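Structure, as structure tokens:
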Amino acid sequence: MTRPDGRSAHDVRPITAEFDDLARVDGSARFAFGSTPSALASFTGPIEVRLAAENPSRLSLDVVVRPLSGIPGTREKKTGSVLGSVLKQSLVMEANPRSAVVLVVQSLTDQDSLASMINASTMACMASASVPMRGVVCAVDVGISGDSFIVDPSSEERQQASASGCFAFHIQGLQRVDCIWTNWTGSGFDEQELLQARTIARESVINVWKTLKKTVARRERLSLEEEEDEMEI
């Protein structure tokens with residue numbers, strides 16, 4: 001199967017993954033499937049919280065999702081709840097009790113991509129390096145077009161799909177890739193269809209994980225080169 005943009009059924013668009021340097025945050029990153037970043041995330045903390053909001057045994061995670069324009073509404077609050085639940089799978093929440101971290105996710109397009117938001121959030125957490133992580137959470141979209149499963153559907157393909165959804169995986173190396181969340185929906189529930197979509201998503205999300213690894217390695221290499229230049233000066 002060849003899609004309108006020339007991709008095969010299981011190909012994702014070229015991934016854009018960049019660490020950012022936003023001021024007054026501990027880590028930030030942009031992510032997109034395609035050339036134009038669709039989600040910007042920042043991570044701050046741990047910070048002190050009010051006594052009434054303290055959790056004596058766990059770190060608190062506050063998530064704020066901002067739309068491209070206007071003020072956050074019900075959809076953004078729902079998205080924030082999803083982001084919080086999936087990221088808690090990778091963050092060691094017991095490491096910093098009685099404190100909080102704040103994740104802010106800004107949509108950069110009018111077509112929100114939950115998968116891009118999840119991936120950008122993971123990158124921001126990694127960039128901050130302020131909270132230990134058990135692994136990383138990566139996500140990818142899957143849809144059904146005609147009789148074929150397609151990975152990373154475009155907005156036009158998603159509108160025409162008979163079923164689609166985002167799959168988030170907690171990854172601890174290639175031997176531990178566990179699906180922790182999905183919002184798969186269609187005209188009717190078909191368990192076999194869901195399982196097949198999850199299997200395809202698992203295979204594709206490895207490419208996202210590898211891209212994130214390369215981005216981190218490139219950032220570390222640049223940091224090391226900057227340190228060596230400063231020592232020479």
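Here, A, B, ... name the chains of the structure tokens in the order displayed, residue numbers run from 1 inside each chain, and ligands are numbered from 1 in the same displayed order.
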
Would you give me, as JSON lines, each residue of region 29-127 of chain A having an atom within 9 Å of an atom of region 215-226 of chain A, along with its shortest atom pair and that distance in Å to one decimal, using only C-alpha atoms and sorting by chain and residue number?
```
{"residue": "A:Met123", "atom": "CA", "partner": "A:Val216", "partner_atom": "CA", "distance": 8.6}
{"residue": "A:Met126", "atom": "CA", "partner": "A:Val216", "partner_atom": "CA", "distance": 8.4}
{"residue": "A:Ala127", "atom": "CA", "partner": "A:Val216", "partner_atom": "CA", "distance": 8.3}
```

Export of the given selection (N, CA and C atoms) as a short mmCIF file (atom, residue, chain, number, x, y, z; two decimals), in the first residue's frame:
```cif
data_model
loop_
_atom_site.label_atom_id
_atom_site.label_comp_id
_atom_site.auth_asym_id
_atom_site.auth_seq_id
_atom_site.Cartn_x
_atom_site.Cartn_y
_atom_site.Cartn_z
N MET A 123 10.94 13.89 26.42
CA MET A 123 12.21 14.55 26.14
C MET A 123 12.50 15.66 27.15
N MET A 126 13.72 14.11 30.30
CA MET A 126 15.10 13.65 30.12
C MET A 126 16.06 14.83 30.15
N ALA A 127 15.66 15.95 29.54
CA ALA A 127 16.54 17.12 29.50
C ALA A 127 16.77 17.70 30.88
#
```

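Using only C-alpha atoms, the residues found no farther than 12 Å from Asn55 (chain A), other than those of its own chain fewer than 2 positions away, are Glu48, Val49, Arg50, Leu51, Ala52, Ala53, Ser57, Arg58, Leu59, Ser60, Leu61, Met93, Glu94, Ala95, Asn96, Pro97, Arg98, Ser99 and Ala100 of chain A.
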
Find the residues around Val104 (chain A) up to 6 Å (only C-alpha atoms counted), leave out those fewer than 5 positions away in its own chain, and share them as a ChimeraX atom specification.
/A:41-42,63-65

Determine the nearest neighbour of Ala9 (chain A) from the options A:Ser204, A:Thr182, A:Ser148, A:Thr211, counting only C-alpha atoms.
A:Ser148

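Using only C-alpha atoms, the nearest neighbour of Ser90 (chain A) within the list A:Ser155, A:Ser35, A:Thr109, A:Gln172 is A:Gln172.
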
Can you tell me which residues surround region 186-188 of chain A at a distance of at most 7 Å, considering only C-alpha atoms, apart from same-chain residues fewer than 3 positions away, and format the answer as a list in words?
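Contacts, with the query itself left out: Ser162, Ala163 and Ser164 of chain A.
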
Preceding selection exported with C-alpha atoms as a short mmCIF file (atom, residue, chain, number, x, y, z; two decimals), in the first residue's frame:
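Dumped to again32.cif:
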```cif
data_model
loop_
_atom_site.label_atom_id
_atom_site.label_comp_id
_atom_site.auth_asym_id
_atom_site.auth_seq_id
_atom_site.Cartn_x
_atom_site.Cartn_y
_atom_site.Cartn_z
CA SER A 162 -12.59 3.59 10.25
CA ALA A 163 -10.66 3.25 13.53
CA SER A 164 -7.65 5.01 15.02
#
```

As number ranges by chain, which residues of region 3-157 of chain A does DSSP assign to alpha helix (DSSP H)?
A: 74-87, 114-128, 155-157

Selection: 6 Å around region 15-24 of chain A, only C-alpha atoms, excl. self and same-chain fewer than 3 positions, as a list of chain:residue names:
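Returned residues: A:Ser28, A:Ala29, A:Arg30, A:Phe31, A:Ala32, A:Phe33, A:Gly34, A:Ser35.
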
Which residues are close to region 206-209 of chain A, i.e. within 9 Å by only C-alpha atoms, leaving aside same-chain residues fewer than 5 positions away? Reply as a ChimeraX atom specification.
/A:12,15,119,136-140,171,174,177,201,214

Check the smallest atom-to-atom distance from each of A:Pro37, A:Gly173, A:Pro46, A:Gly135 to Gln111 (chain A) using only C-alpha atoms, then report the winner.
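Distance minimum relative to Gln111 (chain A) lands on A:Pro37.
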
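With only C-alpha atoms as the atoms that count, the minimum distance from Asp147 (chain A) to the choices A:Ser85, A:Ala124, A:Ala161, A:Leu194 is reached by A:Ala161.
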
Could you tell me how far CA of Leu108 (chain A) sits from CA of Leu68 (chain A), in Å to one decimal place?
5.5 Å

Between A:Thr122, A:Thr2, A:Gln106, A:Ser128, single out the one closest to Gly45 (chain A), counting only C-alpha atoms.
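When distances to Gly45 (chain A) are compared using only C-alpha atoms, the smallest one comes from A:Ser128.
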
Which residues in region 67-163 of chain A does DSSP call strand (DSSP E or B)? List them as a PyMOL selection string.
chain A and resi 91+99-107+133+136-145+148-151+163

Would you write out those residues with N, CA, C and O atoms, as an mmCIF file, in the first residue's frame?
```cif
data_model
loop_
_atom_site.group_PDB
_atom_site.id
_atom_site.type_symbol
_atom_site.label_atom_id
_atom_site.label_comp_id
_atom_site.auth_asym_id
_atom_site.auth_seq_id
_atom_site.Cartn_x
_atom_site.Cartn_y
_atom_site.Cartn_z
ATOM 1 N N LEU A 91 8.558 8.041 35.670
ATOM 2 C CA LEU A 91 9.219 8.826 36.719
ATOM 3 C C LEU A 91 9.209 8.068 38.042
ATOM 4 O O LEU A 91 8.224 7.428 38.399
ATOM 5 N N SER A 99 7.412 17.336 47.479
ATOM 6 C CA SER A 99 7.781 18.343 46.479
ATOM 7 C C SER A 99 6.964 18.089 45.220
ATOM 8 O O SER A 99 6.192 17.134 45.141
ATOM 9 N N ALA A 100 7.148 18.956 44.220
ATOM 10 C CA ALA A 100 6.350 18.834 42.998
ATOM 11 C C ALA A 100 7.188 19.163 41.784
ATOM 12 O O ALA A 100 8.200 19.870 41.863
ATOM 13 N N VAL A 101 6.766 18.631 40.648
ATOM 14 C CA VAL A 101 7.329 19.012 39.351
ATOM 15 C C VAL A 101 6.171 19.503 38.486
ATOM 16 O O VAL A 101 5.022 19.073 38.652
ATOM 17 N N VAL A 102 6.494 20.403 37.578
ATOM 18 C CA VAL A 102 5.463 20.991 36.715
ATOM 19 C C VAL A 102 5.823 20.735 35.263
ATOM 20 O O VAL A 102 6.919 21.079 34.804
ATOM 21 N N LEU A 103 4.912 20.120 34.541
ATOM 22 C CA LEU A 103 5.063 19.885 33.109
ATOM 23 C C LEU A 103 4.080 20.782 32.365
ATOM 24 O O LEU A 103 2.879 20.728 32.624
ATOM 25 N N VAL A 104 4.609 21.605 31.469
ATOM 26 C CA VAL A 104 3.766 22.480 30.651
ATOM 27 C C VAL A 104 3.931 22.058 29.196
ATOM 28 O O VAL A 104 5.051 21.997 28.689
ATOM 29 N N VAL A 105 2.829 21.764 28.538
ATOM 30 C CA VAL A 105 2.858 21.324 27.148
ATOM 31 C C VAL A 105 2.069 22.314 26.296
ATOM 32 O O VAL A 105 0.893 22.571 26.562
ATOM 33 N N GLN A 106 2.733 22.862 25.306
ATOM 34 C CA GLN A 106 2.128 23.849 24.406
ATOM 35 C C GLN A 106 1.914 23.223 23.033
ATOM 36 O O GLN A 106 2.849 22.720 22.413
ATOM 37 N N SER A 107 0.671 23.258 22.559
ATOM 38 C CA SER A 107 0.400 22.800 21.199
ATOM 39 C C SER A 107 0.877 23.868 20.227
ATOM 40 O O SER A 107 0.621 25.059 20.414
ATOM 41 N N MET A 133 14.364 8.294 36.332
ATOM 42 C CA MET A 133 13.380 7.667 35.448
ATOM 43 C C MET A 133 13.643 6.168 35.344
ATOM 44 O O MET A 133 14.792 5.747 35.253
ATOM 45 N N VAL A 136 11.557 5.237 29.524
ATOM 46 C CA VAL A 136 10.981 6.375 28.815
ATOM 47 C C VAL A 136 9.637 5.960 28.227
ATOM 48 O O VAL A 136 9.396 4.783 27.940
ATOM 49 N N VAL A 137 8.766 6.944 28.065
ATOM 50 C CA VAL A 137 7.464 6.710 27.459
ATOM 51 C C VAL A 137 7.470 7.313 26.058
ATOM 52 O O VAL A 137 7.763 8.496 25.891
ATOM 53 N N CYS A 138 7.173 6.504 25.064
ATOM 54 C CA CYS A 138 7.084 6.967 23.676
ATOM 55 C C CYS A 138 5.728 6.561 23.119
ATOM 56 O O CYS A 138 5.132 5.583 23.564
ATOM 57 N N ALA A 139 5.260 7.308 22.128
ATOM 58 C CA ALA A 139 3.925 7.054 21.595
ATOM 59 C C ALA A 139 3.895 7.202 20.084
ATOM 60 O O ALA A 139 4.715 7.922 19.494
ATOM 61 N N VAL A 140 2.920 6.536 19.473
ATOM 62 C CA VAL A 140 2.714 6.625 18.031
ATOM 63 C C VAL A 140 1.235 6.378 17.751
ATOM 64 O O VAL A 140 0.550 5.687 18.515
ATOM 65 N N ASP A 141 0.729 6.956 16.662
ATOM 66 C CA ASP A 141 -0.663 6.771 16.258
ATOM 67 C C ASP A 141 -0.770 5.649 15.225
ATOM 68 O O ASP A 141 0.126 5.461 14.400
ATOM 69 N N VAL A 142 -1.890 4.948 15.259
ATOM 70 C CA VAL A 142 -2.196 3.912 14.273
ATOM 71 C C VAL A 142 -3.649 4.086 13.853
ATOM 72 O O VAL A 142 -4.511 4.456 14.664
ATOM 73 N N GLY A 143 -3.938 3.829 12.579
ATOM 74 C CA GLY A 143 -5.302 3.900 12.085
ATOM 75 C C GLY A 143 -5.576 2.774 11.104
ATOM 76 O O GLY A 143 -4.676 2.026 10.719
ATOM 77 N N ILE A 144 -6.838 2.651 10.713
ATOM 78 C CA ILE A 144 -7.224 1.668 9.703
ATOM 79 C C ILE A 144 -7.802 2.416 8.514
ATOM 80 O O ILE A 144 -8.776 3.162 8.642
ATOM 81 N N SER A 145 -7.172 2.231 7.369
ATOM 82 C CA SER A 145 -7.628 2.849 6.123
ATOM 83 C C SER A 145 -7.996 1.738 5.152
ATOM 84 O O SER A 145 -7.125 0.986 4.711
ATOM 85 N N SER A 148 -6.311 -1.813 5.493
ATOM 86 C CA SER A 148 -4.911 -1.770 5.926
ATOM 87 C C SER A 148 -4.731 -0.949 7.200
ATOM 88 O O SER A 148 -5.401 0.082 7.389
ATOM 89 N N PHE A 149 -3.815 -1.406 8.046
ATOM 90 C CA PHE A 149 -3.399 -0.616 9.203
ATOM 91 C C PHE A 149 -2.330 0.368 8.738
ATOM 92 O O PHE A 149 -1.403 -0.027 8.009
ATOM 93 N N ILE A 150 -2.449 1.625 9.148
ATOM 94 C CA ILE A 150 -1.456 2.621 8.792
ATOM 95 C C ILE A 150 -0.903 3.261 10.059
ATOM 96 O O ILE A 150 -1.622 3.473 11.029
ATOM 97 N N VAL A 151 0.389 3.544 10.043
ATOM 98 C CA VAL A 151 1.071 4.132 11.186
ATOM 99 C C VAL A 151 1.247 5.630 10.959
ATOM 100 O O VAL A 151 1.507 6.067 9.831
ATOM 101 N N ALA A 163 -11.063 3.369 12.130
ATOM 102 C CA ALA A 163 -10.664 3.252 13.533
ATOM 103 C C ALA A 163 -9.265 3.844 13.665
ATOM 104 O O ALA A 163 -8.468 3.787 12.725
#
```
